[in-house]
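First up is the structure itself, then whatever we jot down about it.
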Amino acid sequence: MDPKRPPFPGPPGVTRMPWMQSAEDQGQLPDQPPLGRARGLVLPKDEPLPGRGRALGVPGEMPVRFGRGITPSVSEPLVGIPRGVRLPTDEGGFGRARGFLLATPEPSVGIGRGATVRPVSTLDSEKSDVQEKMPELKTEVEAPGSGSSLVSMFRGLGIEPGKTWGRGATPVGISLGTESDCIRMRFAVCVCSVLGRGFVGVGRAALPPMSVGRGPIGPSGPVSPVAAPFSLQSAASVSEEAPVLPGTPPKVEVKIETVKEPLQKIGTKGSPVSIGSNYIPICCKNEAVFQYHVTFTPNVESVGMRFGMMKEHRPTTGEVVAFDGSILYLPKRLEEVVHLKAERKTDNQEIDIKIQLTKILPPSSDLCIPFYNVVLRRVMKLLGLKLVGRNHYDPNAVVILGKHRLQVWPGYSTSIKHTDGGLYLIVDVSHKVLRNDSVLDVMNLIYQGSRESFQDECTKEFVGSIVITRYNNRTYRIDDIEWSKSPKDTFTLADGTVTTFVDYYRKNYGITIKELDQPLLIHRPKERSKPGGKVITGEILLLPELSFMTGIPEKMRKDFRAMKDLTMHINVGAEQHTQSLKQLLHNINSNNEAVSELARWGLSINLSLDVLNLKAPISFSHIALPVYCICLHQVPLNCWAVFYPRRATDQAEELVTTFTRVAGPMGIRIERPIRVELRDDRTETFIKSIHSQLTSEPRVQLVVCIMTGNRDDLYSAIKKLCCIQSPVPSQAINVRTISQPQKLRSIAQKILLQINCKLGGELWTVNVPLKYLMVIGVDVHHDVSKKSRSVMGFVASLNSMLTKWYSRVTFQMPHEEIINGFRVCLLAALQKYYEVNHAFPEKIVIYRDGVSDGQLKTVELYEIPQVLKCFETIPNYEPKLAFIVVQKRISTTLYSYGSHHFGTPSPGTVLDHTVTNRDWVDFYLMAHSIRQGCGLPTHYIAVYNTANLTPDHLQRLTFKMCHLYWNWPGTIRVPAPCKYAHKLAFLSGQYLHSEPAIQLSEKLFFL
Amino acid sequence: MCLMRTHSRADLTKTLAMTTPFSPPLYMQRYQFVIDYVKTYRPKKVIDFGCAECCLLKKLKFHRNGIQLLVGVDINSVVLLKRMHTLAPLISDYLQPSDGPLTIELYQGSVTEREPCTRGFDLVTCVELIEHLELVEVASFSEVVFGYMSPGAVIVSTPNAEFNPLLPGLRGFRNYDHKFEWTRAEFQTWAHKVCRDYGYSVHFTGVGEAVGHWREVGFCTQIAVFQRNFHDTMSNAKRLEPSVYRLMYRVVYPSLSDNNIYQRTLVNEVLYEAQHLRQEWLSRMNMDSSNNAHFCAPPLMDVFQHGLEGGTRDCQPVYQQGGTICVPLARVWSSPRVRALCGSVQRLREELQVDSRVRMSADGTVLILPAAADDEDDEEVEEEENVKAVSGVANNVEEDWDRELGCYGNV
């Protein structure tokens, strides 16, 4: 519920929108006046008395958050209830409430009930006329996981009108037209949401009677015992106060947040296996966490001062508090309203502090997670671990690689999350590579190597890398280098004094700068506002001499042996991984301070790893696997050219002969190539001769270049020429890979397969039994230095065999993950599909890579509408769509577990419960086989699914797609189209810096 | 008896900031005074009473100037617990261990108690502390600090009551927890008595001067610096008394004075340098003999030609001997980093000869590194033939998801 979120641009429609938010949020028309929610009350007006009675009869119970109610039995009562409770408790604008009464053509009973209904006076006046007529339908439900559920809904309305009011227009439309009963209308909405989510039978959810029947027993889950008394109490207290005079300050009602019901996401196929994960259950001893709203009168602007004043009242609040300046969380219950006094030190003004209970949260509520994580960070510190970036590392277990002047710090990344299975501590083993070299040291080395291109080399080396400063533990990303400045330059401190860098470091840290002529490093922090509303902008200048390099040096990355030294320490196996985890758990639980720190919020962490969720995920042994190393379709190689420098003549000859030898058995016809020997291996020589060859012989199907050494510039130039200027498939081969005679045969085979793909040939496939299916892969490549634009790679299947692929690329502005060019690509792909199949695809499955959890909403609200709009441009075309987000960089690790021994799970292992996300239909799939390191599954989130693919289908389809990457005879981590899109985006962003020629779009030229 | 120095500090600064702005702020000037003192007199063991949020300790840890032991004492354990982690070594302290040792300890305790481990210090600082003590306690404070601990020097700072009229809006003391605020005369009387009683000499100064004709009221904060007049005789005295302070935090900084760390750092530098020289030599060899001979055995040359002719003592050549590459110690020694770590070649040789990570020739003039090990396990990284995991058995179960979906939709 981000207020800044762009309005949903797509067409309104029940079937489209509802999956995204809870019921209230559905279907908003951008141009519609923001008054959605309230409209519903019109219905109850004409509604027969019993119906109304029913609706309001429920309220005595606990208000429950609607959640995404898929399980019909529970979702129903939830719907009715919260409304009921809220109604009586809302006070304020009494006058308006009266207006409502007058306007209601209802029998007296209804009016009697209505009398307690008072809309809140904080609403904007232009909306109030609507509001007053129909307070009832407002805000039963909050968007799951939204930040705004903090406060009472009514305050929410008043404070963020655009946000809360904007939605809900469409459901009103439906309800007006089709429903006559309040409950049933809620139902319609509910059904919609089910449809949207798509995994549950519609019929099941849509049985209206259920709501009433289930009402009383509805809410279940851990909170109910706590919740019930509170809600009753608050309801009661309100009814006593019912005749509030006009002008009484609005009273905020207390809400109780309950646990949402899980979504239907568990597959049924496959055989169960024992599995462990790095999710460690956390127990909450607290029954509830209480949320209070704190107001200062007269207002105190400074957040710091607010903190100070609250601190003085620790005797009242207790020592355990979480306070952000206006919202206060306590593990204990205070009086409904507490008034405190404080004195503003600056002007001795007496400040009245009002602490008002707003909400009772289950201890596992999403709202509590942030401060649990703060507690966790403190615990890690207590264990003596050092914070570097976001993770904690152990200085006492450092591995020093003296040969490379670097250190590997082992440590942990930890976070607390609330998943389908409850509250978990997620621990991942992390390693930080720190270097003994300062940036200045490396600069000196570069200077020795190349004086003339020194500045360029430095920019290449440093921009985008992370440094850690000598005088604190902070890490900074280098965004630029300021060559015109030196430590002798001055800057202005926060208090206005001007000082040189040399003086500053001498005075504050006792550090003497040795090199006075070094340039300065620039870090540009992301613009963000601090809690106080202060916006952080501008640049931070750092001294190279005082900045240590972190991460693996680029030079070392290319050095296979050095990397082996390093990865030996970094890639820990499952056994070692679990060992480290156990060690951490042991350390936490044997440290009294750490245990009591956690206990402040009633938390405790399970000691043993053995109690991991050893339930039953699913292994796909039954899927028909493809037979690799066969060619489905071979493209004869009639006319091709090989370019090589004189030094590599022998290797080139050898390769060509081997090609002809191995081609026969593979069924590929291959002619003798045009051989071009170059007098040297300079880039211009290559480019010139390739260009002249291509112009003189336009029939050339393929360009093969044999290069000496790892040369990015040459590679880039060749690819630019062959992908943009004179489009032709090209194959670059490093002379080193073909220099070993004993391996040449198998290497030639592989290269030939790759060439076959590049020419439009086909290798193997899997059978996906869906007709007219199109599978699309999307990935975005960001340049590390963030200087150039981001590139989106788009790859779509064109045939039912999933062997023909159509690919496109679009460039977009930096810092922009959103796919703006998606439309263009998709339309072109649909057109191409039509040309090939003479029909449009009926089902489209989109795998979208590189979306973080925080961006899921953006995808849902921005990207999917773009996709849907595309379909509208084709008359009478309404394909089914499944949009699946693919996340590779996650901290989840899976272990196979057998005979008290942790290993890596086998390919095809699916985990679709317990550790999954409560807000989405998602699953974890381990598709690849692991040779070293740990089992890192890939996370798939079905953000949208009108194709009604069941969890089983999604899981199986995804695993099958992981088989189809033709560069690798086996399974890979992500679905093949994603990998293709990644390759394409990487090539375009890293080497081409431009869109490849359209002529190549039907070939996998980027492999 | 409450050491709430922070409060008074913060409040005072706030008040002053509005009217008599000291720049830099007064509390900073007080710290700077201590830092300057440390810089001049270079005490090895420093103790700060009433360290509260450890701001001064944090500054001193940067401006070490030879401090080896830094102790903070406060009566309030909560603040200590809260802030103690700010005194932990930084990551850079591990990356580049400092030359001298440093240990930081935090104790919960009171200045009026006799704690044996506080004896034998070179400097004791009591910044804005004594005014928080009752006058009776000041006497026992003097006895404990000067009589019992008898450190080499003591710095005591306290507000100057004569300055108070210049602080606008100030009624009474500068902080509600102040038990007294002395004039210069009162402060000096106390100080002189201490000197007489315990054998110290004192001089007075301060920070925060008023401008113009107000100068005569003196510094806003008055400071007394005491120097012990006799030689320390007790630092070696046995501490038989029981400890009364509670140790809250103790951290030993990594430093080169720790033999293990020194050895490790040195060996790493040497190995890095030797590896670098070896690599350089190998690539030059490759250049010269790159006649497709990558996979032939490297030519057996006992001495690498290039260096021999021009062979000055500084530039002894790297050479190959059998399966090993020999790097002369003198070449390694020429690295400034190695030089900085140990003063002479002899020392370097001795250090390396006892280390198992380094292989040296018998006479200790040459480091021996393995020769061309590069090709031995130069396996393919990316794409191994790992097809065995995939069985060619195709399961012939008929699947039709469309039908399944259709059924599902009709439910």
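Ordering of the structure tokens sets the chain letters (A, B, ...); residue numbers start at 1 within each chain; ligands are numbered from 1 in the order shown.
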
DSSP alpha helix (DSSP H) selection over region 844-961 of chain A, as a ChimeraX atom specification: /A:856-858,864-872,951-961

Residue contacts of region 756-762 of chain A (8 Å, only C-alpha atoms) excluding same-chain residues fewer than 4 positions away, as an NGL selection string: :A and (631-635 or 701-702 or 729-730 or 752 or 803-804 or 966 or 1002-1007)

Residue contacts of region 257-262 of chain B (7 Å, only C-alpha atoms) excluding same-chain residues fewer than 6 positions away, as a PyMOL selection string: chain B and resi 99-101

Could you save the residues just selected, with N, CA and C atoms, as a compact mmCIF listing (two decimals), in the first residue's frame?
```
# COMPACT_ATOMS: atom_id res chain seq x y z
N ASP B 99 51.43 -1.13 15.46
CA ASP B 99 52.73 -1.54 15.98
C ASP B 99 52.68 -1.85 17.46
N GLY B 100 52.07 -0.93 18.20
CA GLY B 100 52.08 -1.08 19.66
C GLY B 100 50.84 -1.82 20.14
N PRO B 101 50.94 -2.44 21.32
CA PRO B 101 49.78 -3.15 21.85
C PRO B 101 48.77 -2.17 22.45
```

Test item: residues at most 12 Å from Arg557 (chain A), only C-alpha atoms, excluding those fewer than 5 positions along its chain, as a list in words: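 Counting only C-alpha atoms, the residues come to His404, Gly551, Ile552, Ala562, Met563, Lys564, Asp565, Leu566 and Thr567 of chain A.
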
Report as a PDB file with C-alpha atoms, in the first residue's frame all protein, DNA and RNA residues lying within 9 Å of region 441-450 of chain A, evaluated on only C-alpha atoms, omitting residues in the same chain fewer than 5 positions from it.
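Result file selection07.pdb:
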```
ATOM      1  CA  GLN A 455      42.930   7.380 -14.931  1.00  0.00           C
ATOM      2  CA  GLU A 457      42.306   2.040 -15.634  1.00  0.00           C
ATOM      3  CA  CYS A 458      41.534   3.352 -12.166  1.00  0.00           C
ATOM      4  CA  PRO A 544      42.121   6.286  -1.186  1.00  0.00           C
ATOM      5  CA  GLU A 545      44.823   5.932   1.441  1.00  0.00           C
ATOM      6  CA  MET A 549      39.396  -2.683  -0.871  1.00  0.00           C
TER       7      MET A 549
END
```

Nearby residues (only C-alpha atoms) at most 8 Å from region 677-693 of chain A, same-chain spacing under 4 positions excluded, as a count of residues only: 16

Contacts of Tyr895 (chain A) within 10 Å, only C-alpha atoms, excl. fewer than 6 positions in-chain, as a list in words: Ser274, Ile275, Gly276, Ser277, Asn278, Gly573, Ala574, Glu575, His577, Thr578, Leu614, His901, Phe902, Gly903, Thr904, Pro905, Ser906, Cys934, Gly935 and Leu936 of chain A

Would you mind exporting N, CA and C atoms of the selected residues as a CSV table (one decimal), in the first residue's frame?
```
chain,number,residue,atom,x,y,z
A,274,SER,N,13.2,-36.4,3.0
A,274,SER,CA,13.5,-35.6,4.2
A,274,SER,C,14.5,-34.5,3.9
A,275,ILE,N,14.2,-33.4,4.4
A,275,ILE,CA,15.0,-32.2,4.1
A,275,ILE,C,15.1,-31.3,5.2
A,276,GLY,N,16.2,-30.6,5.3
A,276,GLY,CA,16.4,-29.6,6.3
A,276,GLY,C,16.6,-28.3,5.6
A,277,SER,N,16.5,-27.2,6.4
A,277,SER,CA,16.7,-25.9,5.8
A,277,SER,C,17.4,-25.0,6.9
A,278,ASN,N,17.8,-23.8,6.4
A,278,ASN,CA,18.5,-22.9,7.4
A,278,ASN,C,17.4,-22.0,8.0
A,573,GLY,N,30.5,-26.9,2.1
A,573,GLY,CA,29.5,-28.0,1.8
A,573,GLY,C,28.4,-27.9,2.9
A,574,ALA,N,27.4,-28.8,2.6
A,574,ALA,CA,26.3,-28.8,3.5
A,574,ALA,C,26.7,-29.2,4.9
A,575,GLU,N,27.6,-30.1,5.1
A,575,GLU,CA,28.0,-30.5,6.4
A,575,GLU,C,28.6,-29.4,7.2
A,577,HIS,N,28.2,-26.2,6.5
A,577,HIS,CA,27.2,-25.2,6.6
A,577,HIS,C,26.4,-25.4,7.8
A,578,THR,N,25.9,-26.6,8.0
A,578,THR,CA,25.1,-26.9,9.2
A,578,THR,C,25.9,-26.8,10.4
A,614,LEU,N,11.5,-31.2,8.8
A,614,LEU,CA,11.8,-32.4,8.1
A,614,LEU,C,10.5,-33.0,7.5
A,901,HIS,N,22.9,-37.1,8.8
A,901,HIS,CA,24.0,-36.5,8.0
A,901,HIS,C,23.3,-35.6,7.0
A,902,PHE,N,23.9,-34.4,7.0
A,902,PHE,CA,23.3,-33.4,6.0
A,902,PHE,C,24.1,-33.4,4.7
A,903,GLY,N,23.4,-33.4,3.6
A,903,GLY,CA,24.0,-33.3,2.3
A,903,GLY,C,23.3,-32.3,1.4
A,904,THR,N,23.5,-32.4,0.2
A,904,THR,CA,22.8,-31.6,-0.7
A,904,THR,C,21.6,-32.3,-1.4
A,905,PRO,N,20.5,-31.6,-1.5
A,905,PRO,CA,19.3,-32.3,-2.0
A,905,PRO,C,19.5,-32.6,-3.5
A,906,SER,N,18.8,-33.6,-4.0
A,906,SER,CA,19.0,-33.9,-5.4
A,906,SER,C,18.2,-33.0,-6.3
A,934,CYS,N,26.6,-25.6,-1.2
A,934,CYS,CA,25.4,-25.9,-0.6
A,934,CYS,C,24.2,-25.9,-1.6
A,935,GLY,N,23.1,-26.5,-1.1
A,935,GLY,CA,21.9,-26.5,-1.9
A,935,GLY,C,21.2,-25.2,-1.9
A,936,LEU,N,21.4,-24.4,-2.9
A,936,LEU,CA,20.7,-23.1,-2.9
A,936,LEU,C,19.6,-23.2,-3.9
```

Å distance separating CA of Pro487 (chain A) from CA of Glu539 (chain A), one decimal place: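 CA of Pro487 (chain A) sits 15.7 Å away from CA of Glu539 (chain A).
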